[in-house]
file my_file.txt (compact mmCIF, C-alpha atoms)
# COMPACT_ATOMS: atom_id res chain seq x y z
CA MET A 1333 -20.23 58.71 -8.85
CA LYS A 1334 -20.68 56.91 -12.14
CA GLY A 1335 -17.22 55.35 -11.78
CA LYS A 1336 -18.05 53.98 -8.34
CA LEU A 1337 -21.39 52.65 -9.57
CA ARG A 1338 -19.69 50.89 -12.46
CA THR A 1339 -17.18 49.34 -10.01
CA TYR A 1340 -20.03 47.74 -8.05
CA ILE A 1341 -22.17 46.73 -11.03
CA THR A 1342 -19.44 44.93 -13.05
CA PRO A 1343 -18.81 42.12 -10.49
CA VAL A 1344 -22.56 41.67 -10.06
CA ILE A 1345 -23.06 41.22 -13.81
CA SER A 1346 -20.19 38.73 -13.95
CA LEU A 1347 -21.72 36.75 -11.10
CA LEU A 1348 -25.11 36.72 -12.83
CA LEU A 1349 -23.53 35.44 -16.03
CA ILE A 1350 -21.79 32.61 -14.16
CA CYS A 1351 -25.03 31.65 -12.40
CA SER A 1352 -26.88 31.64 -15.72
CA LEU A 1353 -24.23 29.35 -17.23
CA VAL A 1354 -24.53 26.95 -14.28
CA LEU A 1355 -28.31 26.83 -14.63
CA PHE A 1356 -27.97 26.29 -18.38
CA LEU A 1357 -25.73 23.27 -17.77
CA ALA A 1358 -27.99 21.86 -15.05
CA ASP A 1359 -29.64 19.55 -17.59
CA GLY A 1360 -26.81 17.07 -17.11
CA THR A 1361 -24.18 18.45 -19.48
CA VAL A 1362 -20.82 18.26 -17.70
CA PHE A 1363 -17.52 19.61 -18.90
CA ALA A 1364 -14.67 17.76 -17.19
CA SER A 1365 -11.00 17.58 -18.01
CA ALA A 1366 -10.09 14.29 -19.68
CA LYS A 1367 -8.02 11.90 -17.59
CA ARG A 1368 -4.49 11.53 -18.87
CA PRO A 1369 -2.95 8.12 -19.55
CA LYS A 1370 -0.79 6.74 -16.73
CA LEU A 1371 1.11 3.58 -15.74
CA ASN A 1372 0.02 1.35 -12.88
CA VAL A 1373 3.49 1.79 -11.28
CA LYS A 1374 6.30 4.32 -11.64
CA LYS A 1375 8.93 2.43 -9.59
CA LEU A 1376 9.39 -1.31 -9.24
CA ASN A 1377 11.72 -3.71 -7.42
CA MET A 1378 12.10 -7.13 -9.05
CA THR A 1379 14.20 -10.24 -8.51
CA MET A 1380 16.00 -12.32 -11.10
CA GLY A 1381 13.59 -14.30 -13.29
CA SER A 1382 10.43 -12.65 -11.98
CA GLU A 1383 7.77 -11.09 -14.20
CA PHE A 1384 5.43 -8.13 -13.86
CA LYS A 1385 2.57 -6.79 -15.96
CA LEU A 1386 2.74 -3.09 -16.80
CA ARG A 1387 -0.65 -1.57 -17.53
CA ILE A 1388 -1.70 1.78 -18.95
CA TYR A 1389 -4.92 3.38 -17.76
CA ASN A 1390 -7.07 6.02 -19.48
CA LEU A 1391 -5.87 5.10 -22.97
CA LYS A 1392 -8.14 6.44 -25.72
CA LYS A 1393 -9.39 4.32 -28.63
CA LYS A 1394 -7.22 5.90 -31.32
CA GLN A 1395 -4.10 5.99 -29.15
CA LYS A 1396 -1.42 3.31 -29.46
CA VAL A 1397 1.52 2.48 -27.21
CA THR A 1398 5.09 1.40 -27.84
CA PHE A 1399 7.05 -0.16 -24.95
CA VAL A 1400 10.86 0.10 -24.94
CA SER A 1401 13.45 -1.10 -22.38
CA SER A 1402 16.56 0.98 -21.84
CA ASP A 1403 18.56 -2.22 -21.15
CA SER A 1404 17.08 -5.51 -22.34
CA SER A 1405 19.82 -7.45 -20.54
CA VAL A 1406 18.34 -6.23 -17.25
CA VAL A 1407 14.64 -5.96 -18.13
CA SER A 1408 13.08 -7.37 -21.29
CA ILE A 1409 9.59 -6.97 -22.71
CA GLU A 1410 8.28 -10.51 -23.10
CA ASN A 1411 4.69 -10.02 -24.17
CA TRP A 1412 2.82 -7.11 -25.66
CA SER A 1413 -0.95 -7.33 -25.77
CA ALA A 1414 -2.82 -6.72 -29.00
CA SER A 1415 -4.76 -3.88 -27.37
CA GLY A 1416 -1.48 -2.16 -26.56
CA LYS A 1417 -2.58 -1.33 -23.02
CA GLN A 1418 -0.21 -3.68 -21.23
CA ALA A 1419 3.12 -5.46 -21.51
CA VAL A 1420 4.76 -8.26 -19.51
CA ILE A 1421 8.29 -7.40 -18.42
CA LYS A 1422 10.84 -9.91 -17.17
CA ALA A 1423 13.90 -9.39 -14.96
CA GLN A 1424 16.86 -10.81 -16.88
CA GLY A 1425 19.89 -9.50 -14.99
CA ILE A 1426 20.95 -7.61 -11.88
CA GLY A 1427 20.95 -3.85 -12.29
CA SER A 1428 18.65 -0.95 -13.13
CA ALA A 1429 16.68 -0.16 -16.25
CA THR A 1430 13.82 2.02 -17.42
CA VAL A 1431 10.83 0.86 -19.40
CA LYS A 1432 9.34 3.67 -21.46
CA ALA A 1433 5.83 3.77 -22.87
CA VAL A 1434 5.34 6.16 -25.79
CA ILE A 1435 1.70 6.96 -26.55
CA ARG A 1436 0.87 8.15 -30.05
CA LYS A 1437 -2.23 9.25 -31.88
CA GLY A 1438 -1.35 8.69 -35.49
CA LYS A 1439 2.16 10.05 -35.87
CA LYS A 1440 1.82 12.57 -33.05
CA VAL A 1441 3.33 11.72 -29.64
CA VAL A 1442 0.64 12.39 -27.03
CA ARG A 1443 2.46 11.35 -23.84
CA ARG A 1444 5.65 9.67 -22.63
CA LEU A 1445 5.56 7.48 -19.52
CA LYS A 1446 8.33 5.59 -17.76
CA CYS A 1447 8.84 3.04 -14.99
CA ASN A 1448 12.19 2.83 -13.18
CA ILE A 1449 13.03 -0.79 -12.35
CA LYS A 1450 15.69 -2.24 -10.06
CA VAL A 1451 16.52 -5.94 -10.35
CA SER A 1452 18.17 -7.70 -7.40
CA PRO A 1453 19.28 -11.33 -6.93
CA SER A 1454 16.78 -13.90 -5.70
CA GLY A 1455 16.95 -15.01 -2.09
CA VAL A 1456 18.95 -18.15 -1.35
CA SER A 1457 18.06 -18.48 2.34
CA ILE A 1458 15.45 -17.23 4.79
CA LYS A 1459 14.92 -17.42 8.53
CA PHE A 1460 12.90 -15.65 11.21
CA LEU A 1461 14.61 -13.39 13.68
CA LYS A 1462 12.75 -15.29 16.42
CA ARG A 1463 11.64 -18.92 16.16
CA THR A 1464 9.03 -18.64 18.92
CA VAL A 1465 6.89 -15.66 19.90
CA HIS A 1466 4.50 -15.43 22.85
CA LEU A 1467 1.50 -13.15 22.45
CA GLN A 1468 -1.62 -12.35 24.39
CA SER A 1469 -4.96 -12.73 22.68
CA GLY A 1470 -5.88 -9.56 20.81
CA SER A 1471 -2.32 -8.31 20.33
CA ARG A 1472 -0.29 -7.91 17.13
CA ILE A 1473 3.34 -8.17 16.08
CA SER A 1474 5.31 -7.74 12.86
CA LEU A 1475 7.57 -10.74 12.26
CA GLU A 1476 11.07 -9.98 10.97
CA THR A 1477 12.77 -12.24 8.44
CA ILE A 1478 16.43 -12.41 7.41
CA ILE A 1479 16.93 -13.06 3.69
CA LYS A 1480 20.29 -13.66 2.08
CA PRO A 1481 21.90 -12.19 0.11
CA ASN A 1482 21.23 -8.84 1.76
CA THR A 1483 20.89 -7.20 -1.64
CA SER A 1484 17.81 -9.27 -2.47
CA THR A 1485 14.51 -7.42 -2.44
CA GLU A 1486 12.41 -10.58 -2.74
CA GLN A 1487 9.38 -10.62 -0.45
CA PRO A 1488 8.33 -13.91 1.17
CA VAL A 1489 4.81 -15.32 1.15
CA PHE A 1490 3.38 -15.74 4.66
CA GLU A 1491 0.88 -18.37 5.77
CA SER A 1492 -0.66 -19.53 9.07
CA ASP A 1493 -1.50 -23.19 9.68
CA ASN A 1494 -4.05 -22.27 12.35
CA PRO A 1495 -5.84 -19.02 11.42
CA GLU A 1496 -8.36 -19.51 14.23
CA VAL A 1497 -5.51 -18.92 16.68
CA ALA A 1498 -3.38 -16.43 14.73
CA THR A 1499 -3.59 -14.84 11.28
CA VAL A 1500 -0.80 -13.28 9.25
CA SER A 1501 -0.92 -10.55 6.59
CA SER A 1502 1.02 -10.41 3.34
CA ARG A 1503 3.55 -8.18 5.12
CA GLY A 1504 4.11 -10.57 8.01
CA VAL A 1505 1.91 -8.87 10.62
CA VAL A 1506 0.52 -11.49 13.02
CA THR A 1507 -2.77 -10.99 14.87
CA ALA A 1508 -3.39 -13.20 17.91
CA LEU A 1509 -7.04 -14.24 18.06
CA ALA A 1510 -7.46 -17.07 20.59
CA PRO A 1511 -5.33 -19.09 23.00
CA GLY A 1512 -3.40 -21.86 21.29
CA THR A 1513 -0.45 -22.44 18.95
CA ALA A 1514 -0.01 -21.52 15.28
CA ASN A 1515 2.94 -21.96 12.93
CA ILE A 1516 3.68 -19.06 10.60
CA THR A 1517 5.53 -20.07 7.42
CA ALA A 1518 7.51 -17.63 5.25
CA THR A 1519 8.34 -18.95 1.76
CA LEU A 1520 10.65 -17.67 -0.96
CA LEU A 1521 8.89 -18.73 -4.14
CA SER A 1522 11.95 -18.30 -6.38
CA ALA A 1523 13.95 -20.96 -4.51
CA ASP A 1524 11.08 -22.79 -2.75
CA LEU A 1525 12.70 -22.17 0.65
CA SER A 1526 10.73 -21.75 3.87
CA ALA A 1527 11.15 -20.77 7.51
CA VAL A 1528 8.76 -21.36 10.41
CA CYS A 1529 7.96 -19.26 13.46
CA THR A 1530 5.76 -20.68 16.25
CA ILE A 1531 3.21 -18.31 17.73
CA VAL A 1532 2.01 -19.15 21.23
CA VAL A 1533 -1.15 -17.23 22.07
CA GLU A 1534 -2.03 -16.89 25.74
CA ALA A 1535 -5.23 -15.68 27.33
CA PRO A 1536 -5.06 -12.07 28.55
CA GLU A 1537 -4.25 -11.75 32.21
CA GLU A 1538 -7.23 -10.79 34.34
CA ALA A 1539 -6.70 -7.77 36.52
CA SER A 1540 -6.76 -8.73 40.22
CA PRO A 1541 -9.46 -6.86 42.18
CA THR A 1542 -8.29 -4.04 44.45
CA PRO A 1543 -8.59 -5.13 48.11
CA ARG A 1544 -11.17 -3.16 50.02
CA PRO A 1545 -9.95 -1.51 53.27
CA LYS A 1546 -11.24 -3.02 56.48
CA PRO A 1547 -13.60 -0.81 58.53
CA GLN A 1548 -11.83 0.75 61.47
CA LYS A 1549 -13.32 0.18 64.97
CA LEU A 1550 -13.85 3.15 67.25
CA ASN A 1551 -11.71 1.62 70.02
CA ASP A 1552 -8.85 1.28 67.57
CA SER A 1553 -8.85 5.02 66.93
CA PRO A 1554 -6.74 7.26 69.16
CA LEU A 1555 -9.85 9.31 69.81
CA GLY A 1556 -11.61 6.24 71.21
CA THR A 1557 -9.34 6.12 74.28
CA GLN A 1558 -9.75 9.73 75.20
CA GLY A 1559 -12.48 11.11 77.43
CA TYR A 1560 -14.16 14.44 77.19

call {"tool": "encode", "arguments": {"input": "my_file.txt", "output": "structure tokens"}}
result
Amino acid sequence: MKGKLRTYITPVISLLLICSLVLFLADGTVFASAKRPKLNVKKLNMTMGSEFKLRIYNLKKKQKVTFVSSDSSVVSIENWSASGKQAVIKAQGIGSATVKAVIRKGKKVVRRLKCNIKVSPSGVSIKFLKRTVHLQSGSRISLETIIKPNTSTEQPVFESDNPEVATVSSRGVVTALAPGTANITATLLSADLSAVCTIVVEAPEEASPTPRPKPQKLNDSPLGTQGY
């Protein structure tokens, strides 16, 4: 009997101790796990000559960072801020490389971070798959571009010359807003090359009303010609 009683009492005591600890910490004292340092990106596609700023978040005051490129002929570290929280990397050649960030506190290594980078050639030509697109007001479409060489990962910059008629997102998604015409331009900044697609927005078609059936006369019914 005593063994069974002890089996029931032990969990109850543990629960009471936990509740007491919660109430004791209710004055605002919070114990939370510290956030670990991390990079703003872990993978990155770049084109020849482009730059990108690597940043480290959650870096403590006494921690310092060293940035190293596995292949400086592909990716080089151009600028390293005095705070040590960020570095500007530049794509120097076609290929793949890894930029490593080693975080130290004194002589002790706290954390190792890395970003895998792939560098492709810049685009030398761009065109839209369709030069003219007809849309109804309120509809959307994703415009497709053809960039050469095919190995280039460069992303064009999209712009609409008439956003009241049609807008375009950074990914080339067009939203038709009102009847009219808008030209969507896609530009490769590396080579200053552009392509244009004309968007023709039409008013939505109004649904034609369903014709109402004509009332049928009694004489027209087969029953109307029969006597009783």

call {"tool": "residues_around", "arguments": {"input": "my_file.txt", "residues": "Lys1446 of chain A", "least_positions_apart": "2", "cutoff": "10 Å", "atoms": "only C-alpha atoms", "output": "ChimeraX atom specification"}}
result
/A:1370-1371,1373-1375,1399-1401,1430-1434,1444,1448-1449

call {"tool": "closest_residue", "arguments": {"input": "my_file.txt", "among": "A:Ser1457, A:Val1506, A:Gln1418, A:Lys1437", "to": "Asn1482 of chain A", "atoms": "all atoms listed in the file"}}
result
A:Ser1457

call {"tool": "closest_residue", "arguments": {"input": "my_file.txt", "among": "A:Leu1461, A:Arg1436, A:Gln1468, A:Gln1487", "to": "Glu1538 of chain A", "atoms": "all atoms listed in the file"}}
result
A:Gln1468

call {"tool": "atom_distance", "arguments": {"input": "my_file.txt", "atom1": "atom CA of Asn1411 of chain A", "atom2": "atom CA of Ser1484 of chain A"}}
result
25.4 Å

call {"tool": "closest_residue", "arguments": {"input": "my_file.txt", "among": "A:Arg1503, A:Lys1459, A:Lys1450, A:Lys1392", "to": "Ile1426 of chain A", "atoms": "all atoms listed in the file"}}
result
A:Lys1450

call {"tool": "atom_distance", "arguments": {"input": "my_file.txt", "atom1": "atom CA of Ala1429 of chain A", "atom2": "atom CA of Gln1395 of chain A"}}
result
25.2 Å

call {"tool": "closest_residue", "arguments": {"input": "my_file.txt", "among": "A:Thr1398, A:Thr1530, A:Ser1404, A:Asn1515", "to": "Arg1463 of chain A", "atoms": "all atoms listed in the file"}}
result
A:Thr1530

call {"tool": "residues_around", "arguments": {"input": "my_file.txt", "residues": "Phe1460 of chain A", "least_positions_apart": "6", "cutoff": "7 Å", "atoms": "all atoms listed in the file", "output": "VMD selection string"}}
result
chain A and resid 1476 to 1478 1527 1529

call {"tool": "write_last_selection", "arguments": {"input": "my_file.txt", "atoms": "C-alpha atoms", "output": "PDB file, in the frame of the given file"}}
result
ATOM      1  CA  GLU A1476      11.070  -9.980  10.970  1.00  0.00           C
ATOM      2  CA  THR A1477      12.770 -12.240   8.440  1.00  0.00           C
ATOM      3  CA  ILE A1478      16.430 -12.410   7.410  1.00  0.00           C
ATOM      4  CA  ALA A1527      11.150 -20.770   7.510  1.00  0.00           C
ATOM      5  CA  CYS A1529       7.960 -19.260  13.460  1.00  0.00           C
TER       6      CYS A1529
END

call {"tool": "residues_around", "arguments": {"input": "my_file.txt", "residues": "Val1456 of chain A", "least_positions_apart": "5", "cutoff": "10 Å", "atoms": "only C-alpha atoms", "output": "JSON, numbers by chain"}}
result
{"A": [1479, 1480, 1481, 1484, 1520, 1522, 1523, 1524, 1525]}

call {"tool": "closest_residue", "arguments": {"input": "my_file.txt", "among": "A:Thr1379, A:Thr1507, A:Ser1469, A:Thr1513", "to": "Glu1486 of chain A", "atoms": "only C-alpha atoms"}}
result
A:Thr1379

call {"tool": "atom_distance", "arguments": {"input": "my_file.txt", "atom1": "atom CA of Lys1440 of chain A", "atom2": "atom CA of Val1397 of chain A"}}
result
11.7 Å

call {"tool": "closest_residue", "arguments": {"input": "my_file.txt", "among": "A:Ala1366, A:Ala1535, A:Val1407, A:Leu1521", "to": "Met1378 of chain A", "atoms": "all atoms listed in the file"}}
result
A:Val1407

call {"tool": "residues_near_point", "arguments": {"input": "my_file.txt", "point": "(-0.2, -19.5, 10.0)", "cutoff": "12 Å", "atoms": "only C-alpha atoms", "output": "PyMOL selection string"}}
result
chain A and resi 1475+1489-1502+1504-1509+1512-1519+1527-1532

call {"tool": "axis_aligned_box", "arguments": {"input": "my_file.txt", "around": "segment 1508-1523 of chain A", "padding_each_side": "8 Å", "output": "lines of an AutoDock Vina configuration file"}}
result
center_x = 3.2
center_y = -17.8
center_z = 8.3
size_x = 37.4
size_y = 25.2
size_z = 45.4

call {"tool": "decode", "arguments": {"input": "my_file.txt", "residues": "segment 1471-1483 of chain A", "atoms": "N, CA, C and O atoms", "output": "PDB file, in the first residue's frame"}}
result
ATOM      1  N   SER A1471      -6.934  39.546 -64.342  1.00  0.00           N
ATOM      2  CA  SER A1471      -6.202  38.289 -64.490  1.00  0.00           C
ATOM      3  C   SER A1471      -4.698  38.508 -64.330  1.00  0.00           C
ATOM      4  O   SER A1471      -4.211  39.643 -64.328  1.00  0.00           O
ATOM      5  N   ARG A1472      -3.962  37.417 -64.208  1.00  0.00           N
ATOM      6  CA  ARG A1472      -2.509  37.466 -64.037  1.00  0.00           C
ATOM      7  C   ARG A1472      -1.829  36.480 -64.972  1.00  0.00           C
ATOM      8  O   ARG A1472      -2.427  35.498 -65.396  1.00  0.00           O
ATOM      9  N   ILE A1473      -0.552  36.762 -65.234  1.00  0.00           N
ATOM     10  CA  ILE A1473       0.247  35.856 -66.058  1.00  0.00           C
ATOM     11  C   ILE A1473       1.726  36.054 -65.717  1.00  0.00           C
ATOM     12  O   ILE A1473       2.149  37.161 -65.384  1.00  0.00           O
ATOM     13  N   SER A1474       2.483  34.972 -65.772  1.00  0.00           N
ATOM     14  CA  SER A1474       3.925  35.037 -65.544  1.00  0.00           C
ATOM     15  C   SER A1474       4.631  35.068 -66.891  1.00  0.00           C
ATOM     16  O   SER A1474       4.513  34.118 -67.677  1.00  0.00           O
ATOM     17  N   LEU A1475       5.331  36.162 -67.173  1.00  0.00           N
ATOM     18  CA  LEU A1475       6.010  36.312 -68.459  1.00  0.00           C
ATOM     19  C   LEU A1475       7.310  35.505 -68.459  1.00  0.00           C
ATOM     20  O   LEU A1475       8.072  35.528 -67.489  1.00  0.00           O
ATOM     21  N   GLU A1476       7.557  34.806 -69.554  1.00  0.00           N
ATOM     22  CA  GLU A1476       8.766  34.000 -69.695  1.00  0.00           C
ATOM     23  C   GLU A1476       9.774  34.734 -70.566  1.00  0.00           C
ATOM     24  O   GLU A1476       9.422  35.263 -71.626  1.00  0.00           O
ATOM     25  N   THR A1477      11.021  34.749 -70.112  1.00  0.00           N
ATOM     26  CA  THR A1477      12.102  35.368 -70.881  1.00  0.00           C
ATOM     27  C   THR A1477      13.114  34.300 -71.287  1.00  0.00           C
ATOM     28  O   THR A1477      13.283  33.284 -70.606  1.00  0.00           O
ATOM     29  N   ILE A1478      13.779  34.552 -72.396  1.00  0.00           N
ATOM     30  CA  ILE A1478      14.848  33.670 -72.881  1.00  0.00           C
ATOM     31  C   ILE A1478      16.150  34.455 -72.802  1.00  0.00           C
ATOM     32  O   ILE A1478      16.304  35.483 -73.469  1.00  0.00           O
ATOM     33  N   ILE A1479      17.077  33.973 -71.969  1.00  0.00           N
ATOM     34  CA  ILE A1479      18.358  34.645 -71.770  1.00  0.00           C
ATOM     35  C   ILE A1479      19.467  33.742 -72.280  1.00  0.00           C
ATOM     36  O   ILE A1479      19.485  32.544 -71.996  1.00  0.00           O
ATOM     37  N   LYS A1480      20.360  34.320 -73.048  1.00  0.00           N
ATOM     38  CA  LYS A1480      21.525  33.572 -73.544  1.00  0.00           C
ATOM     39  C   LYS A1480      22.788  34.199 -72.985  1.00  0.00           C
ATOM     40  O   LYS A1480      22.855  35.419 -72.830  1.00  0.00           O
ATOM     41  N   PRO A1481      23.789  33.339 -72.665  1.00  0.00           N
ATOM     42  CA  PRO A1481      23.796  31.874 -72.798  1.00  0.00           C
ATOM     43  C   PRO A1481      22.861  31.200 -71.800  1.00  0.00           C
ATOM     44  O   PRO A1481      22.496  31.789 -70.789  1.00  0.00           O
ATOM     45  N   ASN A1482      22.514  29.953 -72.092  1.00  0.00           N
ATOM     46  CA  ASN A1482      21.579  29.224 -71.242  1.00  0.00           C
ATOM     47  C   ASN A1482      22.132  28.964 -69.847  1.00  0.00           C
ATOM     48  O   ASN A1482      21.369  28.704 -68.915  1.00  0.00           O
ATOM     49  N   THR A1483      23.445  29.018 -69.724  1.00  0.00           N
ATOM     50  CA  THR A1483      24.066  28.760 -68.416  1.00  0.00           C
ATOM     51  C   THR A1483      24.017  29.967 -67.490  1.00  0.00           C
ATOM     52  O   THR A1483      24.371  29.859 -66.319  1.00  0.00           O
TER      53      THR A1483
END
